Amino acid sequence: MEPQPIPKGYMENAQGQLTPEDRVSEIDKLRNAFVLEAVQRAQNLALLLSEFKLRTMGDIEAFVNLSGEKYGAPIGGIKGNVTLRSYDGRYKMQRAMADQLVFDERLQVAKSLIGECIKDWGAGANHNLLVLINSAFEVDREGNVNTGRILALRRHDIQDEKWKQAMKAISDSLEVAETKPYLRFYERQPDGSYKLLNLDVAKL
């Protein structure tokens, strides 16, 4: 639904109420104008970055396919990570494909089994391990668990059958929800290392 136009001579406040402009303070008007102008610039920049990413991703895919065709092996489609360097090695660009991992309902099975392990171990359980286990299953504001913390539990070589079953349940419950492409650009420094060209406004 399109927002209704604001009548001339009025300004709309955060509650959606119309206020005559002559009843709005000058500082509020100046702040409003400043924010709207800055947001417009940010939206334009975001659009440019989005178009740049789409175009560059397409160009990389086309180049990879061209390279493959030189050897009679067209690749087709986005396939994994790619690093391309300038001839002098001063610049490099990377296309990185990052998998977003999620757990299915079998994670609850693992949590239940681990709970049984803790109960069986009783007072003899390692305190640090218990803290690690409890923090692993904490959820954030969106109700999501921390994938890294969950997977870190598998690194513990615990010779307990229930624990082993729990670790298997964790492994079996893991699946790729989606794969996101990332673009990164680097410039070589005098010491030979590569410095990331930041396209994140917050990190500039």
# chains A, B, ... in the order shown; residues from 1 in each chain; ligands from 1
>>> select_by_dssp(residues="stretch 9-163 of chain A", states="helix (DSSP H, G or I)", output="ChimeraX atom specification")
/A:21-23,26-69,106-124,127-136,147-155,161-163
>>> select_by_dssp(residues="chain A", states="strand (DSSP E)", output="VMD selection string")
chain A and resid 10 to 12 18 to 20 82 to 85 91 to 103 174 to 188 194 to 196
>>> closest_residue(among="A:Ala177, A:Leu48, A:Ile158, A:Ala38", to="A:Ala125", atoms="only C-alpha atoms")
A:Ile158
>>> closest_residue(among="A:Leu153, A:Ile60, A:Cys117, A:Leu196", to="A:Thr83", atoms="only C-alpha atoms")
A:Ile60
>>> residues_around(residues="stretch 172-176 of chain A", least_positions_apart="4", cutoff="7 Å", atoms="only C-alpha atoms", output="ChimeraX atom specification")
/A:99-107,168
>>> closest_residue(among="A:Ile150, A:Met97, A:Leu199, A:Val131", to="A:Tyr186", atoms="only C-alpha atoms")
A:Leu199
>>> residues_around(residues="A:Gln4", least_positions_apart="6", cutoff="12 Å", atoms="only C-alpha atoms", output="number ranges by chain")
A: 12, 16, 18
>>> atom_distance(atom1="atom CA of A:Ser67", atom2="atom CA of A:Leu84")
11.6 Å
>>> residues_around(residues="A:Arg154", least_positions_apart="6", cutoff="12 Å", atoms="only C-alpha atoms", output="MDAnalysis selection string")
chainID A and resid 110 114 132:133 136 147:148 163:171
>>> write_last_selection(atoms="N, CA, C and O atoms", output="PDB file, in the first residue's frame")
ATOM      1  N   ALA A 110      20.205 -34.310  20.493  1.00  0.00           N
ATOM      2  CA  ALA A 110      21.562 -34.187  21.023  1.00  0.00           C
ATOM      3  C   ALA A 110      21.553 -33.484  22.371  1.00  0.00           C
ATOM      4  O   ALA A 110      22.242 -33.897  23.315  1.00  0.00           O
ATOM      5  N   ILE A 114      22.908 -35.030  25.857  1.00  0.00           N
ATOM      6  CA  ILE A 114      23.945 -34.366  26.636  1.00  0.00           C
ATOM      7  C   ILE A 114      23.456 -34.099  28.056  1.00  0.00           C
ATOM      8  O   ILE A 114      24.213 -34.220  29.024  1.00  0.00           O
ATOM      9  N   LEU A 132      30.817 -24.794  29.172  1.00  0.00           N
ATOM     10  CA  LEU A 132      30.881 -24.789  27.709  1.00  0.00           C
ATOM     11  C   LEU A 132      29.602 -25.375  27.113  1.00  0.00           C
ATOM     12  O   LEU A 132      29.031 -24.828  26.163  1.00  0.00           O
ATOM     13  N   ILE A 133      29.138 -26.468  27.679  1.00  0.00           N
ATOM     14  CA  ILE A 133      27.926 -27.127  27.175  1.00  0.00           C
ATOM     15  C   ILE A 133      26.711 -26.225  27.337  1.00  0.00           C
ATOM     16  O   ILE A 133      25.902 -26.055  26.418  1.00  0.00           O
ATOM     17  N   ALA A 136      26.764 -23.376  24.936  1.00  0.00           N
ATOM     18  CA  ALA A 136      26.614 -23.803  23.539  1.00  0.00           C
ATOM     19  C   ALA A 136      25.155 -23.778  23.094  1.00  0.00           C
ATOM     20  O   ALA A 136      24.852 -23.479  21.940  1.00  0.00           O
ATOM     21  N   THR A 147      26.162 -21.607  15.975  1.00  0.00           N
ATOM     22  CA  THR A 147      26.633 -22.803  15.281  1.00  0.00           C
ATOM     23  C   THR A 147      28.042 -23.182  15.699  1.00  0.00           C
ATOM     24  O   THR A 147      28.349 -24.361  15.925  1.00  0.00           O
ATOM     25  N   GLY A 148      28.924 -22.205  15.830  1.00  0.00           N
ATOM     26  CA  GLY A 148      30.313 -22.479  16.195  1.00  0.00           C
ATOM     27  C   GLY A 148      30.438 -23.141  17.556  1.00  0.00           C
ATOM     28  O   GLY A 148      31.225 -24.073  17.746  1.00  0.00           O
ATOM     29  N   TRP A 163      27.312 -39.605  24.987  1.00  0.00           N
ATOM     30  CA  TRP A 163      27.972 -38.424  24.417  1.00  0.00           C
ATOM     31  C   TRP A 163      28.255 -38.650  22.936  1.00  0.00           C
ATOM     32  O   TRP A 163      28.034 -37.760  22.107  1.00  0.00           O
ATOM     33  N   LYS A 164      28.739 -39.840  22.595  1.00  0.00           N
ATOM     34  CA  LYS A 164      29.022 -40.145  21.196  1.00  0.00           C
ATOM     35  C   LYS A 164      27.743 -40.092  20.352  1.00  0.00           C
ATOM     36  O   LYS A 164      27.752 -39.599  19.224  1.00  0.00           O
ATOM     37  N   GLN A 165      26.650 -40.595  20.908  1.00  0.00           N
ATOM     38  CA  GLN A 165      25.371 -40.533  20.194  1.00  0.00           C
ATOM     39  C   GLN A 165      24.931 -39.084  19.999  1.00  0.00           C
ATOM     40  O   GLN A 165      24.408 -38.719  18.939  1.00  0.00           O
ATOM     41  N   ALA A 166      25.163 -38.263  21.030  1.00  0.00           N
ATOM     42  CA  ALA A 166      24.802 -36.853  20.936  1.00  0.00           C
ATOM     43  C   ALA A 166      25.611 -36.160  19.848  1.00  0.00           C
ATOM     44  O   ALA A 166      25.080 -35.355  19.069  1.00  0.00           O
ATOM     45  N   MET A 167      26.901 -36.459  19.775  1.00  0.00           N
ATOM     46  CA  MET A 167      27.753 -35.840  18.766  1.00  0.00           C
ATOM     47  C   MET A 167      27.342 -36.282  17.358  1.00  0.00           C
ATOM     48  O   MET A 167      27.393 -35.495  16.400  1.00  0.00           O
ATOM     49  N   LYS A 168      26.919 -37.539  17.236  1.00  0.00           N
ATOM     50  CA  LYS A 168      26.438 -38.023  15.938  1.00  0.00           C
ATOM     51  C   LYS A 168      25.140 -37.309  15.561  1.00  0.00           C
ATOM     52  O   LYS A 168      24.929 -36.948  14.397  1.00  0.00           O
ATOM     53  N   ALA A 169      24.277 -37.098  16.556  1.00  0.00           N
ATOM     54  CA  ALA A 169      23.019 -36.391  16.293  1.00  0.00           C
ATOM     55  C   ALA A 169      23.291 -34.964  15.829  1.00  0.00           C
ATOM     56  O   ALA A 169      22.611 -34.442  14.940  1.00  0.00           O
ATOM     57  N   ILE A 170      24.301 -34.325  16.427  1.00  0.00           N
ATOM     58  CA  ILE A 170      24.676 -32.969  16.005  1.00  0.00           C
ATOM     59  C   ILE A 170      25.148 -32.983  14.566  1.00  0.00           C
ATOM     60  O   ILE A 170      24.730 -32.154  13.744  1.00  0.00           O
ATOM     61  N   SER A 171      26.024 -33.926  14.235  1.00  0.00           N
ATOM     62  CA  SER A 171      26.543 -34.017  12.865  1.00  0.00           C
ATOM     63  C   SER A 171      25.422 -34.284  11.866  1.00  0.00           C
ATOM     64  O   SER A 171      25.371 -33.665  10.789  1.00  0.00           O
TER      65      SER A 171
END
